[in-house]
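Coordinates from run.txt are shown below (compact mmCIF, C-alpha atoms).
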# COMPACT_ATOMS: atom_id res chain seq x y z
CA MET A 15 -7.65 71.88 -2.87
CA SER A 16 -10.85 69.94 -2.99
CA ALA A 17 -11.04 70.52 -6.74
CA ALA A 18 -8.01 68.33 -7.42
CA LYS A 19 -8.66 64.68 -8.04
CA LEU A 20 -6.57 61.66 -8.71
CA THR A 21 -6.77 60.21 -12.18
CA VAL A 22 -6.66 56.47 -11.73
CA GLU A 23 -6.13 53.70 -14.23
CA VAL A 24 -6.17 50.01 -13.46
CA VAL A 25 -4.65 48.10 -16.36
CA SER A 26 -3.81 44.47 -16.93
CA PRO A 27 -1.53 43.25 -19.73
CA GLU A 28 -4.58 42.30 -21.73
CA LYS A 29 -6.94 45.18 -21.15
CA LEU A 30 -7.86 48.35 -19.36
CA ILE A 31 -9.79 47.24 -16.30
CA TRP A 32 -10.95 50.51 -14.86
CA SER A 33 -10.26 54.18 -15.22
CA GLY A 34 -11.72 57.23 -13.60
CA GLU A 35 -11.30 59.91 -10.99
CA ALA A 36 -10.79 59.20 -7.34
CA THR A 37 -10.17 60.89 -4.05
CA MET A 38 -8.19 58.09 -2.46
CA VAL A 39 -6.45 54.89 -3.44
CA SER A 40 -5.29 52.34 -0.92
CA ALA A 41 -3.11 49.38 -1.75
CA LYS A 42 -0.84 46.87 -0.14
CA THR A 43 2.80 47.02 -1.16
CA LEU A 44 5.84 45.07 -0.05
CA ASP A 45 6.39 47.57 2.75
CA GLY A 46 2.82 47.55 3.97
CA ASN A 47 -0.44 49.30 3.31
CA ILE A 48 -0.35 52.73 1.78
CA GLY A 49 -3.04 55.25 1.11
CA ILE A 50 -2.67 57.79 -1.62
CA LEU A 51 -4.41 61.12 -1.55
CA VAL A 52 -4.21 64.08 -3.86
CA ASP A 53 -0.72 65.62 -4.25
CA HIS A 54 1.09 62.53 -3.12
CA ILE A 55 4.80 62.41 -3.86
CA SER A 56 5.84 60.46 -6.97
CA LEU A 57 5.97 56.85 -5.93
CA LEU A 58 6.64 53.48 -7.42
CA GLY A 59 5.86 50.35 -5.50
CA VAL A 60 5.52 46.64 -5.94
CA LEU A 61 2.09 45.35 -4.98
CA GLU A 62 1.52 42.41 -2.72
CA PRO A 63 -1.35 40.12 -3.68
CA GLY A 64 -4.37 41.77 -2.16
CA VAL A 65 -7.13 44.26 -2.59
CA VAL A 66 -6.60 47.65 -4.14
CA SER A 67 -9.44 49.87 -3.18
CA ILE A 68 -10.31 53.07 -4.95
CA LYS A 69 -12.61 55.67 -3.49
CA GLY A 70 -14.17 57.27 -6.52
CA ALA A 71 -14.82 60.98 -6.91
CA ASP A 72 -18.55 60.32 -6.68
CA GLY A 73 -18.17 58.51 -3.37
CA SER A 74 -18.40 54.99 -4.73
CA VAL A 75 -15.77 52.43 -3.76
CA GLU A 76 -14.19 50.07 -6.26
CA ASP A 77 -12.25 47.05 -5.08
CA PHE A 78 -9.82 45.10 -7.24
CA ASN A 79 -8.27 41.88 -6.12
CA MET A 80 -4.80 41.98 -7.62
CA ALA A 81 -2.55 38.96 -7.96
CA ASP A 82 0.58 41.00 -8.55
CA GLY A 83 1.64 44.26 -10.06
CA PHE A 84 2.90 47.75 -9.48
CA ILE A 85 1.55 51.04 -8.37
CA SER A 86 2.92 54.22 -9.82
CA VAL A 87 2.00 57.71 -8.72
CA ASN A 88 3.10 60.77 -10.60
CA LYS A 89 1.52 64.23 -10.47
CA ASN A 90 -1.90 63.01 -9.35
CA ARG A 91 -1.93 60.22 -11.90
CA VAL A 92 -2.15 56.80 -10.33
CA SER A 93 -1.58 53.68 -12.39
CA ILE A 94 -2.15 50.21 -11.08
CA LEU A 95 -0.42 47.76 -13.38
CA GLY A 96 -1.01 44.13 -12.81
CA GLU A 97 -3.14 41.12 -13.14
CA GLN A 98 -6.34 40.49 -11.30
CA ALA A 99 -6.51 37.42 -9.15
CA LYS A 100 -8.70 34.74 -10.63
CA MET B 3 -17.56 18.46 -77.31
CA GLY B 4 -14.30 19.35 -78.93
CA ALA B 5 -10.98 18.68 -77.24
CA GLN B 6 -10.04 22.38 -77.03
CA LEU B 7 -13.33 23.34 -75.48
CA ARG B 8 -13.09 20.56 -72.93
CA ILE B 9 -9.65 21.74 -71.81
CA TYR B 10 -10.86 25.32 -71.36
CA ARG B 11 -13.84 24.14 -69.35
CA ARG B 12 -11.63 22.02 -67.13
CA ARG B 13 -9.30 24.93 -66.41
CA MET B 14 -12.25 27.18 -65.63
CA ARG B 15 -13.58 24.68 -63.11
CA SER B 16 -10.25 24.51 -61.33
CA VAL B 17 -9.83 28.29 -61.26
CA LYS B 18 -13.35 28.66 -59.88
CA ALA B 19 -12.57 26.20 -57.10
CA THR B 20 -9.38 28.11 -56.25
CA LYS B 21 -11.29 31.35 -56.25
CA LYS B 22 -13.74 29.99 -53.70
CA ILE B 23 -10.86 29.10 -51.40
CA THR B 24 -9.05 32.42 -51.72
CA ARG B 25 -12.31 34.29 -51.27
CA ALA B 26 -13.04 32.36 -48.08
CA MET B 27 -9.55 33.05 -46.75
CA GLU B 28 -9.95 36.72 -47.57
CA LEU B 29 -13.19 36.91 -45.60
CA ILE B 30 -11.76 35.00 -42.65
CA SER B 31 -8.75 37.30 -42.52
CA SER B 32 -10.87 40.44 -42.71
CA SER B 33 -12.89 39.34 -39.72
CA ARG B 34 -9.77 38.42 -37.79
CA ILE B 35 -8.01 41.73 -38.45
CA VAL B 36 -10.69 43.55 -36.52
CA LYS B 37 -10.34 41.20 -33.58
CA ALA B 38 -6.55 41.41 -33.67
CA GLN B 39 -6.69 45.19 -33.83
CA GLN B 40 -8.96 45.31 -30.81
CA ARG B 41 -6.49 43.17 -28.90
CA VAL B 42 -3.64 45.49 -29.83
CA ARG B 43 -5.70 48.42 -28.64
CA ALA B 44 -6.63 46.66 -25.42
CA THR B 45 -3.00 46.01 -24.50
CA SER B 46 -1.79 49.49 -25.40
CA PRO B 47 -2.62 51.18 -22.07
CA TYR B 48 -0.55 48.66 -20.12
CA THR B 49 2.39 48.81 -22.49
CA LEU B 50 2.27 52.58 -22.51
CA GLU B 51 2.06 52.85 -18.73
CA ILE B 52 4.82 50.38 -18.02
CA THR B 53 7.07 52.02 -20.63
CA ASN B 54 6.40 55.41 -19.04
CA VAL B 55 7.23 54.10 -15.60
CA VAL B 56 10.39 52.40 -16.74
CA ASN B 57 11.49 55.46 -18.69
CA SER B 58 10.98 57.79 -15.77
CA ILE B 59 12.98 55.51 -13.51
CA ALA B 60 15.73 55.41 -16.09
CA ALA B 61 15.71 59.20 -16.23
CA TYR B 62 15.30 60.02 -12.55
CA SER B 63 17.20 57.47 -10.60
CA ASN B 64 20.81 56.76 -9.93
CA THR B 65 20.25 53.06 -9.59
CA GLU B 66 22.67 50.78 -11.31
CA HIS B 67 20.64 48.01 -12.80
CA PRO B 68 21.21 45.87 -15.89
CA LEU B 69 17.84 47.04 -17.15
CA ILE B 70 18.93 50.64 -17.53
CA SER B 71 22.69 50.72 -17.64
CA ALA B 72 24.20 49.72 -20.94
CA VAL B 73 27.29 47.56 -20.98
CA ALA B 74 30.32 49.57 -22.08
CA ASN B 75 31.44 47.05 -24.66
CA PRO B 76 28.54 44.89 -25.73
CA ARG B 77 29.72 41.64 -27.28
CA ARG B 78 26.61 39.65 -27.93
CA ALA B 79 23.08 40.60 -28.88
CA ALA B 80 19.86 38.64 -29.07
CA VAL B 81 17.49 39.26 -31.95
CA LEU B 82 13.90 38.06 -31.83
CA ILE B 83 12.20 37.85 -35.21
CA ILE B 84 8.44 37.51 -35.30
CA THR B 85 6.88 35.97 -38.43
CA ALA B 86 3.87 33.90 -39.43
CA ASP B 87 3.25 30.17 -39.11
CA ARG B 88 1.43 29.90 -42.41
CA GLY B 89 2.04 31.34 -45.82
CA MET B 90 -0.53 32.81 -48.20
CA ALA B 91 0.23 36.24 -46.79
CA GLY B 92 2.25 37.78 -49.57
CA ALA B 93 5.65 39.04 -48.55
CA TYR B 94 4.72 39.38 -44.87
CA SER B 95 7.12 36.82 -43.40
CA ASN B 96 9.89 37.48 -45.87
CA ALA B 97 9.79 41.20 -45.20
CA ALA B 98 10.28 40.57 -41.47
CA ILE B 99 13.09 38.09 -42.11
CA LYS B 100 14.81 40.58 -44.41
CA GLU B 101 14.50 43.34 -41.83
CA GLY B 102 16.07 40.92 -39.37
CA ASP B 103 18.94 40.19 -41.76
CA LEU B 104 19.57 43.89 -42.10
CA LEU B 105 19.68 44.35 -38.35
CA ILE B 106 21.90 41.32 -37.85
CA SER B 107 24.42 42.41 -40.45
CA GLY B 108 24.44 45.88 -38.87
CA LEU B 109 25.15 44.38 -35.46
CA LYS B 110 27.83 42.12 -36.86
CA ALA B 111 29.48 45.11 -38.51
CA LYS B 112 29.68 46.66 -35.04
CA GLY B 113 31.51 43.56 -33.87
CA LEU B 114 28.72 41.86 -31.97
CA ALA B 115 27.93 38.19 -32.05
CA VAL B 116 24.24 37.59 -32.67
CA ASP B 117 21.89 34.97 -31.24
CA THR B 118 18.67 34.63 -33.18
CA TYR B 119 15.38 33.69 -31.61
CA LEU B 120 12.49 32.99 -33.95
CA VAL B 121 8.72 33.06 -33.69
CA GLY B 122 6.69 31.49 -36.50
CA ARG B 123 7.21 28.44 -38.66
CA LYS B 124 8.13 30.53 -41.72
CA ALA B 125 11.23 31.98 -40.10
CA VAL B 126 12.21 28.61 -38.64
CA ASN B 127 11.99 26.93 -42.04
CA PHE B 128 13.88 29.78 -43.67
CA TYR B 129 16.73 29.45 -41.16
CA LYS B 130 16.78 25.66 -41.18
CA PHE B 131 16.89 25.52 -44.97
CA ARG B 132 19.92 27.82 -44.99
CA ASP B 133 21.60 26.01 -42.12
CA ARG B 134 21.68 29.07 -39.90
CA ALA B 135 21.96 28.76 -36.16
CA ILE B 136 18.76 29.17 -34.16
CA SER B 137 19.07 29.88 -30.46
CA GLY B 138 15.42 29.35 -29.74
CA SER B 139 12.15 29.11 -31.62
CA TRP B 140 8.45 29.06 -30.91
CA THR B 141 5.70 28.15 -33.35
CA GLY B 142 1.99 27.56 -33.50
CA PHE B 143 0.50 30.79 -32.20
CA SER B 144 1.50 33.49 -34.67
CA ASP B 145 -2.03 34.41 -35.72
CA ASN B 146 -3.49 34.49 -32.24
CA PRO B 147 -0.82 34.94 -29.57
CA THR B 148 -1.78 34.81 -25.91
CA LEU B 149 -0.11 36.39 -22.93
CA ASP B 150 1.21 32.98 -21.92
CA ASN B 151 2.99 32.65 -25.28
CA ALA B 152 4.58 36.04 -24.75
CA ARG B 153 5.62 35.02 -21.21
CA GLU B 154 7.28 31.88 -22.50
CA VAL B 155 9.28 33.78 -25.10
CA SER B 156 10.16 36.61 -22.71
CA ALA B 157 11.34 34.23 -20.00
CA THR B 158 13.96 32.80 -22.36
CA LEU B 159 15.06 36.24 -23.50
CA ILE B 160 15.30 37.63 -19.97
CA THR B 161 17.35 34.66 -18.83
CA ALA B 162 19.72 35.28 -21.73
CA PHE B 163 19.88 38.99 -20.94
CA LEU B 164 20.56 38.53 -17.26
CA SER B 165 23.15 35.82 -17.59
CA ASP B 166 26.79 36.65 -18.05
CA THR B 167 27.89 37.24 -21.63
CA ASP B 168 30.82 34.89 -21.20
CA SER B 169 28.53 32.01 -20.33
CA ALA B 170 26.61 30.21 -23.03
CA GLY B 171 23.55 32.08 -24.20
CA GLY B 172 24.24 35.29 -22.33
CA VAL B 173 23.62 38.54 -24.20
CA ASP B 174 24.13 42.25 -23.57
CA GLU B 175 21.45 43.64 -25.80
CA LEU B 176 18.02 42.62 -26.97
CA TYR B 177 16.41 43.56 -30.26
CA VAL B 178 13.03 42.60 -31.61
CA VAL B 179 11.94 42.57 -35.24
CA TYR B 180 8.20 42.65 -35.76
CA THR B 181 5.70 44.03 -38.23
CA GLU B 182 4.13 47.24 -37.09
CA PHE B 183 0.44 47.53 -37.84
CA LYS B 184 0.07 51.11 -39.01
CA SER B 185 -3.25 50.80 -40.77
CA MET B 186 -5.31 48.36 -42.80
CA ILE B 187 -3.12 49.08 -45.81
CA THR B 188 0.26 49.83 -44.30
CA GLN B 189 2.26 47.38 -42.24
CA THR B 190 6.00 47.85 -41.98
CA PRO B 191 8.61 45.55 -40.51
CA VAL B 192 10.57 47.38 -37.83
CA SER B 193 13.50 46.52 -35.61
CA VAL B 194 13.45 47.91 -32.10
CA ALA B 195 16.01 47.82 -29.32
CA PHE B 196 14.21 46.61 -26.18
CA LEU B 197 17.07 46.28 -23.72
CA PRO B 198 18.93 47.94 -22.22
CA LEU B 199 16.75 50.99 -22.07
CA SER B 200 18.35 53.99 -23.59
CA ALA B 201 17.76 56.53 -20.87
CA PRO B 202 16.58 59.88 -22.17
CA GLN B 203 19.28 62.47 -21.58
CA SER B 204 18.43 64.48 -18.52
CA ASP B 205 20.22 67.76 -17.96
CA GLN B 206 20.33 67.29 -14.21
CA PRO B 207 23.27 65.25 -13.00
CA ARG B 208 22.35 61.75 -12.04
CA GLY B 209 22.58 60.69 -8.48
CA ILE B 210 21.49 63.89 -6.77
CA MET B 211 17.79 63.61 -6.97
CA ALA B 212 15.56 60.67 -6.61
CA MET B 213 12.30 61.98 -7.92
CA TYR B 214 10.61 58.72 -7.25
CA ASP B 215 9.89 57.37 -3.86
CA PHE B 216 10.36 53.64 -4.10
CA GLU B 217 8.19 51.47 -1.95
CA SER B 218 10.80 49.02 -0.70
CA SER B 219 13.99 49.63 -2.70
CA ALA B 220 14.64 50.74 -6.26
CA GLU B 221 16.43 47.47 -6.80
CA THR B 222 13.39 45.38 -5.84
CA VAL B 223 11.08 47.46 -7.97
CA LEU B 224 13.34 47.20 -11.00
CA ASN B 225 13.81 43.48 -10.53
CA ALA B 226 10.06 43.02 -10.49
CA LEU B 227 9.51 45.46 -13.31
CA LEU B 228 12.01 44.04 -15.81
CA PRO B 229 10.22 40.80 -16.71
CA ARG B 230 6.83 42.51 -16.84
CA TYR B 231 8.20 45.21 -19.09
CA VAL B 232 9.76 42.76 -21.55
CA GLU B 233 6.60 40.65 -21.50
CA ALA B 234 4.40 43.61 -22.23
CA ARG B 235 6.56 44.79 -25.10
CA VAL B 236 6.93 41.31 -26.58
CA PHE B 237 3.21 40.68 -26.24
CA ASN B 238 2.42 43.96 -27.93
CA ALA B 239 4.89 43.19 -30.73
CA MET B 240 3.30 39.75 -31.21
CA LEU B 241 -0.20 41.16 -31.34
CA GLN B 242 0.79 43.83 -33.84
CA SER B 243 2.48 41.19 -35.95
CA ALA B 244 -0.63 39.03 -35.80
CA ALA B 245 -2.79 41.92 -36.96
CA SER B 246 -0.31 42.64 -39.74
CA GLU B 247 -0.28 38.99 -40.73
CA HIS B 248 -4.05 38.97 -41.14
CA ALA B 249 -3.97 42.22 -43.06
CA ALA B 250 -1.22 40.93 -45.36
CA ARG B 251 -3.11 37.69 -45.91
CA ARG B 252 -6.32 39.52 -46.65
CA ARG B 253 -4.57 41.66 -49.23
CA ALA B 254 -2.81 38.69 -50.83
CA MET B 255 -6.04 36.71 -50.96
CA LYS B 256 -7.98 39.65 -52.34
CA SER B 257 -5.59 40.00 -55.25
CA ALA B 258 -5.64 36.23 -55.76
CA THR B 259 -9.44 36.36 -55.95
CA ASP B 260 -9.27 39.28 -58.37
CA ASN B 261 -6.77 37.42 -60.53
CA ALA B 262 -8.99 34.34 -60.54
CA ASP B 263 -11.89 36.50 -61.70
CA GLU B 264 -9.77 37.88 -64.49
CA LEU B 265 -8.61 34.43 -65.49
CA ILE B 266 -12.17 33.08 -65.53
CA LYS B 267 -13.22 35.98 -67.73
CA SER B 268 -10.51 35.39 -70.32
CA LEU B 269 -11.03 31.62 -70.21
CA THR B 270 -14.75 32.14 -70.83
CA ARG B 271 -13.89 34.23 -73.89
CA LEU B 272 -11.52 31.56 -75.18
CA ALA B 273 -14.05 28.80 -74.51
CA ASN B 274 -16.76 30.77 -76.35
CA ALA B 275 -14.45 31.31 -79.30
CA ALA B 276 -13.59 27.61 -79.33
CA ARG B 277 -17.26 26.68 -79.25
CA GLN B 278 -18.06 29.12 -82.07
CA ALA B 279 -15.19 27.73 -84.13
CA GLU B 280 -16.48 24.25 -83.54
CA ILE B 281 -20.00 25.18 -84.67
CA THR B 282 -18.66 26.99 -87.71
CA GLN B 283 -16.57 24.01 -88.62
CA GLU B 284 -19.46 21.61 -88.19
CA LEU B 285 -21.68 23.83 -90.31
CA SER B 286 -19.16 24.10 -93.11
CA GLU B 287 -18.66 20.37 -92.96
CA ILE B 288 -22.39 19.77 -93.31
CA VAL B 289 -22.72 22.32 -96.10
CA GLY B 290 -19.67 20.90 -97.83
CA GLY B 291 -21.02 17.37 -97.44
CA ALA B 292 -24.43 18.32 -98.78
CA GLU B 293 -22.91 20.11 -101.73
CA ALA B 294 -20.73 17.14 -102.53
CA LEU B 295 -23.76 14.88 -102.34
CA ALA B 296 -25.82 17.24 -104.52
CA SER B 297 -23.14 17.55 -107.19
CA ALA B 298 -22.58 13.79 -107.15
CA SER B 299 -26.29 13.04 -107.67
CA ALA B 300 -26.57 15.81 -110.30
CA GLY B 301 -23.80 14.21 -112.33
CA SER B 302 -25.46 10.78 -112.35
CA GLU B 303 -28.71 12.00 -113.85

If you took the structure in this file and wrote it as C-alpha cells, what would it be?
Amino acid sequence: MSAAKLTVEVVSPEKLIWSGEATMVSAKTLDGNIGILVDHISLLGVLEPGVVSIKGADGSVEDFNMADGFISVNKNRVSILGEQAK
Amino acid sequence: MGAQLRIYRRRMRSVKATKKITRAMELISSSRIVKAQQRVRATSPYTLEITNVVNSIAAYSNTEHPLISAVANPRRAAVLIITADRGMAGAYSNAAIKEGDLLISGLKAKGLAVDTYLVGRKAVNFYKFRDRAISGSWTGFSDNPTLDNAREVSATLITAFLSDTDSAGGVDELYVVYTEFKSMITQTPVSVAFLPLSAPQSDQPRGIMAMYDFESSAETVLNALLPRYVEARVFNAMLQSAASEHAARRRAMKSATDNADELIKSLTRLANAARQAEITQELSEIVGGAEALASASAGSE
C-alpha cells in the first residue's frame, strides 16, 4: 500500500495556498488532534485555530497556521478549507 | 473661415476629445478584465471544494438542518441582484436587473413574497426611481469586490435565511442573480438558487448510512459550514460579475471609439467639401468681379 498517497489541497477563499501529495496530514479539530494517513475514512471536521502540518510525499514537511476552516477527507483526497492566520 | 467650416471643425474637435476618453476607458477595462479573471480563477478551488463538501453532506447524511432541508411551503424568498456601480458598460446592469425581474415574477407566480437585496448603484437607482422596495443594498465595490464585501452581504442574507419567516426579514429561500463570465465575448446574466441546497437524489434511503465521519457533530459542522459556503458562493458571483462588468465596458467603449472614428471620418469629408465650396465660391467671386471691372472699363474707352 505504499504506492497510495494522499492528494492534499490547502485553499483559502481567495486562492489556492498549496497542493500536492502527502503521506500524512495532522490537524487540530474541535475534538482534538487528528492524524490522517492513506485510506482514512471519509471525514469532515471543523478546524481549531492552529497548525496544520502536512508530511509531503518527498519527506518534506509543510506547516500552515490556520485561523479557522474545515478539513474534509474523501477517498484519499484531503481538502483544508480555511483562512491562514495573519 | 466660413461659418459652415467652423461648425464642422468644432464638432470634430469634440468628437476627438470624446474618442480619447472612450479609448482610455477601453484600455483600462481590458487590463482590469485580466486581473478580474485571475481573481475568479483563484477563488474557484475553494468554491468548488466547499460546494463538493456541502453537496456530499446533503446526499449522505440524515441530518436535519435548515441548510439542506427545504421548507415544505416556502412563503418568502430573498433575491440578491448584482450589478455595476457605474454605467458606460452597455446593457450589463440592465440585463442583470431584467433577469432579476424575470425571477421575481416567477417566484411571485408561485405565491412567494420576495425581498430584494441589491449590489451596485445602478440597481439601487433603478429600484428607487420606480419606488420599489429594497430590503438591503450595498454599493461602491462592484468593479473590485473584496472578501470582506462578500462577508458583509452574506451576513445579512444568512441572518434573513436563518430567522423565522413570520418575523420581519425572514426568508425560506435565497436566490442570486449575477452575470456569469463565460468568455471575453460572452457574459450572461443567470439566476441561481443558493439556499436551501437541493440535495441530489440518492437511491439509498436516507438515515441508514452516514458515509461521513463528523469530527464533533454533524450539526456543528453544518453550522460552521453554512456561512462559509454562502460567502464563498456570493464572493464568486461578485467576482464573476466584476469580470463581466469590465468585459461589457470594454466592448461598449470599443464600439464607442469605433463610432467616433467613423464620425470623424465623415466630418472630415464634410469639412473638406465645405472648404472646397468656399474656395470655389471665392474664386468665382474674384473672376466675376474682375470680369465686371474689365467690361466696365472696356465700355468707358

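The list of residues within 10 Å of (-10.7, 42.5, -7.5), counted using all atoms listed in the file, is Gly64, Val65, Val66, Ser67, Glu76, Asp77, Phe78, Asn79, Met80, Ala81, Glu97, Gln98, Ala99 and Lys100 of chain A.
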
Mind writing the picked residues with C-alpha atoms as a CSV table (one decimal), in the coordinates of the input?
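Writing done, so here's again.csv:
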chain,number,residue,atom,x,y,z
A,64,GLY,CA,-4.4,41.8,-2.2
A,65,VAL,CA,-7.1,44.3,-2.6
A,66,VAL,CA,-6.6,47.6,-4.1
A,67,SER,CA,-9.4,49.9,-3.2
A,76,GLU,CA,-14.2,50.1,-6.3
A,77,ASP,CA,-12.2,47.0,-5.1
A,78,PHE,CA,-9.8,45.1,-7.2
A,79,ASN,CA,-8.3,41.9,-6.1
A,80,MET,CA,-4.8,42.0,-7.6
A,81,ALA,CA,-2.6,39.0,-8.0
A,97,GLU,CA,-3.1,41.1,-13.1
A,98,GLN,CA,-6.3,40.5,-11.3
A,99,ALA,CA,-6.5,37.4,-9.2
A,100,LYS,CA,-8.7,34.7,-10.6

With a cut-off of 7 Å, could you pull out the residues of chain B touching chain A and give me the nearest pair of atoms for each, distance in Å to one decimal, using all atoms listed in the file, ordered by chain and ascending number, as a Markdown table?
| residue | atom | partner | partner_atom | distance |
| --- | --- | --- | --- | --- |
| B:Ala44 | CA | A:Lys29 | CA | 4.5 |
| B:Thr45 | CA | A:Glu28 | CA | 4.9 |
| B:Pro47 | CA | A:Leu30 | CA | 6.5 |
| B:Tyr48 | CA | A:Pro27 | CA | 5.5 |
| B:Met213 | CA | A:Ser56 | CA | 6.7 |
| B:Tyr214 | CA | A:Ser56 | CA | 5.1 |
| B:Asp215 | CA | A:Leu57 | CA | 4.5 |
| B:Phe216 | CA | A:Leu58 | CA | 5.0 |
| B:Glu217 | CA | A:Gly59 | CA | 4.4 |
| B:Ser218 | CA | A:Asp45 | CA | 5.8 |
| B:Val223 | CA | A:Val60 | CA | 6.0 |
| B:Ala234 | CA | A:Pro27 | CA | 6.4 |

What is the distance between CA of Phe237 (chain B) and CA of Val126 (chain B), in Å to one decimal? 19.5 Å

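As for CA of Lys124 (chain B) and CA of Phe183 (chain B), they are spaced 19.1 Å apart.
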
Report, in Å to a single decimal, how far apart CA of Val179 (chain B) and CA of Val194 (chain B) are. 6.4 Å

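Compared by their closest atoms to Ser107 (chain B), and using only C-alpha atoms, the residues B:Ala79, B:Ala296, B:Ala258, B:Ala152 rank with B:Ala79 nearest.
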